[in-house]
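Below is work39.txt, holding compact mmCIF, C-alpha atoms.
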```
# COMPACT_ATOMS: atom_id res chain seq x y z
CA MET B 1247 145.67 74.36 98.44
CA LYS B 1248 147.18 76.01 95.36
CA ILE B 1249 144.61 77.69 93.11
CA GLU B 1250 145.27 79.04 89.62
CA LEU B 1251 142.75 81.83 89.11
CA LEU B 1252 141.98 82.97 85.56
CA PRO B 1253 139.82 86.11 85.32
CA ASN B 1254 138.34 87.66 82.19
CA SER B 1255 138.58 91.45 82.15
CA GLU B 1256 136.06 91.74 79.30
CA LYS B 1257 133.42 89.74 81.17
CA ASP B 1258 134.24 90.87 84.70
CA ILE B 1259 134.26 94.67 84.39
CA GLY B 1260 136.30 96.19 87.19
CA TYR B 1261 137.20 92.68 88.42
CA VAL B 1262 134.21 92.76 90.77
CA SER B 1263 133.68 88.99 90.84
CA THR B 1264 137.43 88.34 90.77
CA ARG B 1265 137.90 90.39 93.95
CA GLU B 1266 135.13 88.45 95.67
CA VAL B 1267 136.71 85.12 94.71
CA ILE B 1268 140.17 86.21 95.86
CA LYS B 1269 138.78 87.34 99.22
CA LEU B 1270 137.09 83.98 99.77
CA LEU B 1271 140.14 81.95 98.72
CA LEU B 1272 142.54 83.91 100.92
CA HIS B 1273 140.11 83.57 103.83
CA HIS B 1274 140.54 79.81 103.48
CA ARG B 1275 144.33 80.23 103.35
CA ALA B 1276 144.61 79.13 99.73
CA GLU B 1277 147.72 79.99 97.72
CA VAL B 1278 146.30 82.01 94.84
CA TRP B 1279 148.13 82.39 91.51
CA MET B 1280 147.12 84.69 88.65
CA PRO B 1281 148.65 85.57 85.24
CA SER B 1282 151.33 88.22 85.40
CA ASP B 1283 149.32 90.64 83.23
CA CYS B 1284 146.50 90.86 85.79
CA PRO B 1285 146.08 93.80 88.20
CA VAL B 1286 147.93 93.49 91.49
CA PHE B 1287 145.87 92.20 94.40
CA ASP B 1288 147.26 91.84 97.91
CA GLY B 1289 148.14 88.29 98.90
CA VAL B 1290 148.17 86.94 95.33
CA HIS B 1291 151.13 85.33 93.54
CA TYR B 1292 151.75 86.20 89.89
CA GLY B 1293 153.17 84.14 87.05
CA THR B 1294 152.77 80.46 86.26
CA CYS B 1295 152.06 77.99 89.03
CA GLU B 1296 153.79 74.80 87.92
CA LEU B 1297 151.40 72.40 89.63
CA PRO B 1298 148.22 73.91 91.06
CA ASP B 1299 145.62 71.75 92.79
CA MET B 1300 142.71 73.37 90.99
CA MET B 1301 141.94 75.94 88.32
CA ILE B 1302 139.15 78.50 88.76
CA VAL B 1303 137.99 80.30 85.62
CA LEU B 1304 135.78 83.38 85.50
CA GLY B 1305 134.17 83.83 82.10
CA GLY B 1306 131.98 82.10 79.56
CA ASP B 1307 132.20 78.62 78.09
CA GLY B 1308 134.96 79.79 75.74
CA SER B 1309 137.17 80.84 78.66
CA ILE B 1310 136.55 77.59 80.49
CA MET B 1311 137.16 75.53 77.35
CA ARG B 1312 140.53 77.19 76.68
CA ALA B 1313 141.61 76.73 80.29
CA ALA B 1314 140.53 73.09 80.14
CA HIS B 1315 143.28 72.35 77.60
CA ARG B 1316 146.01 73.28 80.09
CA ALA B 1317 144.16 71.71 83.03
CA ALA B 1318 143.80 68.41 81.17
CA ARG B 1319 147.55 68.23 80.56
CA LEU B 1320 148.23 69.04 84.23
CA LYS B 1321 145.55 66.53 85.31
CA ILE B 1322 143.84 69.06 87.59
CA PRO B 1323 140.12 69.92 87.90
CA VAL B 1324 138.46 73.12 86.70
CA LEU B 1325 135.77 75.15 88.43
CA GLY B 1326 133.94 77.64 86.20
CA VAL B 1327 132.18 80.83 87.28
CA ASN B 1328 129.70 81.79 84.58
CA LEU B 1329 130.11 85.35 83.32
CA GLY B 1330 128.99 84.46 79.81
CA ARG B 1331 125.62 84.23 78.07
CA ILE B 1332 124.81 80.53 78.52
CA GLY B 1333 127.53 78.74 80.48
CA TYR B 1334 126.96 75.00 80.06
CA LEU B 1335 130.40 74.24 81.51
CA ALA B 1336 130.32 76.62 84.48
CA GLU B 1337 129.37 75.32 87.90
CA ILE B 1338 128.32 78.51 89.65
CA ASN B 1339 126.98 81.98 88.87
CA PRO B 1340 128.44 85.21 90.32
CA ASN B 1341 125.75 85.32 93.02
CA GLU B 1342 126.84 81.85 94.20
CA ILE B 1343 130.54 82.53 94.81
CA ALA B 1344 130.09 81.78 98.52
CA LEU B 1345 129.55 78.14 97.50
CA MET B 1346 133.29 77.93 96.79
CA SER B 1347 133.81 77.48 100.53
CA ARG B 1348 132.64 73.91 100.06
CA ILE B 1349 135.80 73.17 98.09
CA PHE B 1350 137.76 73.41 101.33
CA GLU B 1351 135.27 71.12 103.04
CA ARG B 1352 135.82 68.52 100.27
CA ALA B 1353 132.12 68.82 99.51
CA TYR B 1354 132.41 68.37 95.78
CA VAL B 1355 132.78 65.71 93.13
CA ILE B 1356 134.74 65.54 89.87
CA GLU B 1357 132.92 65.03 86.60
CA SER B 1358 135.25 63.77 83.87
CA ARG B 1359 134.47 64.87 80.33
CA MET B 1360 135.78 63.06 77.29
CA MET B 1361 138.17 64.93 74.98
CA ILE B 1362 139.35 64.26 71.43
CA GLU B 1363 142.58 64.85 69.55
CA ALA B 1364 142.84 65.94 65.93
CA ALA B 1365 145.87 65.73 63.65
CA PRO B 1366 146.30 66.82 60.01
CA TYR B 1367 147.85 64.31 57.58
CA ARG B 1368 149.54 64.78 54.19
CA ASN B 1369 150.56 61.78 52.05
CA GLY B 1370 149.77 59.53 55.00
CA ILE B 1371 152.17 61.40 57.31
CA PRO B 1372 151.09 63.72 60.15
CA PHE B 1373 152.13 67.34 59.85
CA GLY B 1374 151.61 70.28 62.14
CA GLU B 1375 150.48 69.90 65.72
CA THR B 1376 148.10 67.36 67.22
CA LEU B 1377 145.61 69.35 69.29
CA ILE B 1378 143.15 68.26 71.95
CA ALA B 1379 139.57 69.49 72.05
CA LEU B 1380 136.81 69.47 74.62
CA ASN B 1381 134.10 70.46 72.13
CA ASP B 1382 134.88 69.70 68.52
CA ALA B 1383 137.15 69.53 65.50
CA VAL B 1384 135.83 71.24 62.35
CA LEU B 1385 136.93 71.05 58.72
CA SER B 1386 135.66 73.90 56.53
CA HIS B 1387 136.65 76.54 54.01
CA GLY B 1388 136.70 79.09 56.81
CA PRO B 1389 135.46 82.55 55.75
CA VAL B 1390 135.02 81.41 52.13
CA SER B 1391 131.40 80.52 51.42
CA SER B 1392 131.66 77.44 49.18
CA LEU B 1393 130.82 73.76 49.41
CA LEU B 1394 133.37 71.43 50.93
CA LYS B 1395 133.73 67.95 49.48
CA THR B 1396 134.88 65.36 52.01
CA GLU B 1397 135.02 61.61 52.31
CA ILE B 1398 134.43 60.36 55.84
CA ARG B 1399 135.98 57.12 57.04
CA CYS B 1400 135.38 55.39 60.35
CA GLY B 1401 137.60 52.51 61.37
CA GLY B 1402 139.07 52.51 57.88
CA ARG B 1403 135.69 52.08 56.19
CA SER B 1404 134.11 54.78 54.07
CA LEU B 1405 130.85 56.32 55.24
CA GLY B 1406 130.49 58.16 51.95
CA ARG B 1407 131.23 61.51 50.39
CA TYR B 1408 129.60 64.71 51.58
CA TYR B 1409 129.03 68.10 49.96
CA SER B 1410 128.49 70.60 52.76
CA ASP B 1411 129.68 73.87 54.28
CA GLY B 1412 131.94 71.79 56.46
CA PHE B 1413 132.12 68.72 58.66
CA LEU B 1414 132.60 68.46 62.41
CA VAL B 1415 133.38 65.77 64.95
CA SER B 1416 131.90 66.56 68.34
CA THR B 1417 132.27 65.17 71.83
CA PRO B 1418 129.17 64.80 74.04
CA THR B 1419 130.21 68.05 75.73
CA GLY B 1420 130.43 69.79 72.37
CA SER B 1421 126.98 68.53 71.36
CA THR B 1422 125.44 71.65 72.95
CA ALA B 1423 127.80 73.99 71.06
CA TYR B 1424 128.47 74.30 67.30
CA SER B 1425 127.17 70.79 66.73
CA LEU B 1426 123.76 71.77 68.07
CA ALA B 1427 123.64 74.85 65.82
CA ALA B 1428 124.59 72.65 62.85
CA GLY B 1429 121.65 70.31 63.48
CA GLY B 1430 123.39 67.66 65.56
CA PRO B 1431 121.75 65.84 68.50
CA ILE B 1432 122.32 66.65 72.16
CA LEU B 1433 124.28 63.91 73.92
CA ASP B 1434 124.32 63.24 77.63
CA PRO B 1435 127.96 63.78 78.77
CA GLN B 1436 127.92 60.29 80.31
CA LEU B 1437 127.65 58.78 76.83
CA ARG B 1438 131.03 57.77 75.43
CA GLY B 1439 130.52 58.37 71.75
CA LEU B 1440 131.43 60.83 69.02
CA CYS B 1441 129.01 62.71 66.82
CA LEU B 1442 129.76 63.22 63.11
CA VAL B 1443 127.85 66.21 61.76
CA PRO B 1444 127.79 67.57 58.19
CA ILE B 1445 127.29 71.35 58.32
CA CYS B 1446 124.47 72.51 56.02
CA PRO B 1447 124.79 69.46 53.73
CA HIS B 1448 123.75 69.73 50.10
CA SER B 1449 121.69 66.56 50.43
CA LEU B 1450 118.41 65.64 52.11
CA THR B 1451 119.81 62.26 53.14
CA ALA B 1452 122.97 63.48 54.92
CA ARG B 1453 122.33 63.19 58.64
CA PRO B 1454 124.42 63.28 61.84
CA LEU B 1455 125.82 59.95 62.98
CA ILE B 1456 126.93 58.84 66.45
CA VAL B 1457 129.82 56.36 66.54
CA PRO B 1458 131.58 54.55 69.42
CA GLU B 1459 134.27 56.42 71.35
CA GLU B 1460 136.98 53.98 70.16
CA SER B 1461 136.40 54.94 66.52
CA ASP B 1462 139.25 56.30 64.41
CA ILE B 1463 137.70 58.94 62.20
CA GLU B 1464 139.24 60.34 59.02
CA LEU B 1465 138.05 63.43 57.19
CA HIS B 1466 139.54 63.38 53.68
CA TYR B 1467 139.51 66.70 51.86
CA LEU B 1468 138.57 66.22 48.20
CA ALA B 1469 138.86 69.12 45.76
CA SER B 1470 140.44 70.08 42.48
CA GLY B 1471 143.03 72.80 42.04
CA GLU B 1472 144.74 74.52 44.95
CA GLU B 1473 141.69 75.47 47.01
CA THR B 1474 142.43 75.16 50.73
CA ALA B 1475 140.41 74.06 53.74
CA HIS B 1476 140.94 74.81 57.41
CA LEU B 1477 141.01 72.62 60.49
CA THR B 1478 139.63 74.38 63.55
CA VAL B 1479 139.89 72.75 66.98
CA ASP B 1480 137.74 74.23 69.77
CA GLY B 1481 137.51 77.43 67.76
CA ILE B 1482 141.27 77.72 67.19
CA GLN B 1483 142.60 77.39 63.65
CA ALA B 1484 145.03 74.50 63.74
CA ALA B 1485 146.08 73.79 60.14
CA THR B 1486 145.55 74.62 56.47
CA LEU B 1487 144.77 71.63 54.25
CA PHE B 1488 145.20 71.15 50.51
CA PRO B 1489 143.28 68.67 48.33
CA GLY B 1490 144.32 65.14 49.26
CA ASP B 1491 145.09 66.03 52.88
CA SER B 1492 143.08 64.56 55.73
CA VAL B 1493 142.30 65.02 59.41
CA HIS B 1494 142.43 62.10 61.82
CA VAL B 1495 140.27 62.38 64.94
CA ARG B 1496 140.17 60.01 67.86
CA ARG B 1497 139.47 59.97 71.58
CA SER B 1498 142.19 61.61 73.65
CA PRO B 1499 143.65 59.84 76.69
CA LEU B 1500 143.21 63.18 78.50
CA THR B 1501 139.97 64.27 80.13
CA CYS B 1502 138.52 67.57 81.27
CA ASP B 1503 137.70 67.22 84.97
CA LEU B 1504 134.99 69.65 86.08
CA VAL B 1505 134.31 70.48 89.72
CA ARG B 1506 130.69 69.92 90.76
CA ILE B 1507 129.91 71.38 94.19
CA ASP B 1508 127.66 69.53 96.63
CA ARG B 1509 124.60 71.76 96.95
CA GLY B 1510 122.68 69.36 99.14
CA ARG B 1511 120.57 68.34 96.15
CA ASP B 1512 121.21 66.73 92.81
CA LYS B 1513 121.51 69.01 89.78
CA SER B 1514 121.53 66.79 86.75
CA PHE B 1515 122.63 67.47 83.20
CA TYR B 1516 118.95 67.60 82.26
CA ASP B 1517 118.24 70.31 84.85
CA ILE B 1518 121.10 72.36 83.43
CA LEU B 1519 119.99 71.68 79.87
CA ARG B 1520 116.41 72.80 80.60
CA GLU B 1521 117.65 76.00 82.25
CA LYS B 1522 120.18 76.87 79.59
CA LEU B 1523 117.99 76.14 76.58
CA SER B 1524 115.34 78.47 77.98
CA GLU B 1525 117.98 81.25 77.99
CA ILE B 1526 118.94 80.92 74.33
```

Taking this structure as input, can you express it in the form of structure tokens?
Amino acid sequence: MKIELLPNSEKDIGYVSTREVIKLLLHHRAEVWMPSDCPVFDGVHYGTCELPDMMIVLGGDGSIMRAAHRAARLKIPVLGVNLGRIGYLAEINPNEIALMSRIFERAYVIESRMMIEAAPYRNGIPFGETLIALNDAVLSHGPVSSLLKTEIRCGGRSLGRYYSDGFLVSTPTGSTAYSLAAGGPILDPQLRGLCLVPICPHSLTARPLIVPEESDIELHYLASGEETAHLTVDGIQAATLFPGDSVHVRRSPLTCDLVRIDRGRDKSFYDILREKLSEI
């Protein structure tokens, strides 16, 4: 089995957990690949593995989310080791690394998570790059603290105009991230819908809205003058928008496939949610 191992030097001081994972993987005769800028470990290959069988990420949800973009395009599953503060996406904690042995016994299942794609449009024509997201796509003024005026359309029909600090479109996975902090609902990952959330709206009647996964969503940036807005996709700034530009968001054909290890007992999303919310 070919494993692409992605450590996080800021989270894993001294590569303590990384060393433990490498030892276990090599014991099971796995072919381990790591980025070329990582420290040299005996028995490990360095560089880019063109087609690994699985990706193992050590870090927080941000590390796992970024790795998920590449894994989705390669159509390979991701196993996360939580070295972050909360770790909704991670499957195991550092004290559970021995559970990775069950990968080689095929004692695991794959949980597919819906992803979205976001593209900026100008004069009805896409410009820039279409990016995929596991969590969310956000339109805002970025570091500038001022109200954003947007018109939201779903399936070509207007849902109205919003004055807010920004507007985000979240997947069920992203409902426990920025969307939650912005007042959005928590969605079970098995639900196949999208959540539209105005961020700090300047209206008592503006509320989050859940729409079907097939919906084509348009965020139209309305402003006077040359004031700009920013599209951020999974925390990465993707494009700068001018008044009249828009962002089109829809479900991606790609999915994020997370490895869930057989522990001999069920561990549901609600168990994880209860545990993680008590840590916040």

Considering only C-alpha atoms, give me a table of residues in range 1270-1343 of chain B that are at most 8 Å from range 1372-1395 of chain B, with the closest atom pair and distance in Å for each, as a Markdown table.
```
| residue | atom | partner | partner_atom | distance |
| --- | --- | --- | --- | --- |
| B:Met1311 | CA | B:Leu1380 | CA | 6.7 |
| B:Ala1314 | CA | B:Leu1380 | CA | 7.6 |
| B:His1315 | CA | B:Ile1378 | CA | 7.0 |
```

Problem - Within 8 Å of range 1264-1269 of chain B using all atoms listed in the file, minus same-chain residues under 4 positions, as a PyMOL selection string - result: chain B and resi 1253+1258+1273+1278+1304+1343

If we count only C-alpha atoms, what is near Gly1306 in chain B at a cut-off of 8 Å, once residues fewer than 5 positions away on the same chain are taken out, given as a compact mmCIF listing (two decimals) with C-alpha atoms, in the coordinates of the input?
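Once everything was written out, this is out_15.txt:
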```txt
# COMPACT_ATOMS: atom_id res chain seq x y z
CA LYS B 1257 133.42 89.74 81.17
CA VAL B 1327 132.18 80.83 87.28
CA ASN B 1328 129.70 81.79 84.58
CA LEU B 1329 130.11 85.35 83.32
CA GLY B 1330 128.99 84.46 79.81
CA ARG B 1331 125.62 84.23 78.07
CA ILE B 1332 124.81 80.53 78.52
CA GLY B 1333 127.53 78.74 80.48
CA ALA B 1336 130.32 76.62 84.48
```

Problem - Contact residues around Val1415 in chain B with only C-alpha atoms at 8 Å, ignoring same-chain residues under 2 positions, as a ChimeraX atom specification - result: /B:1382-1384,1413,1417,1440-1443,1495

Exercise for the section: Could you tell me how far CA of Tyr1408 in chain B lies from CA of Pro1454 in chain B, in Å and to one decimal? Expected result: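 Distance reported for this atom pair: 11.6 Å.
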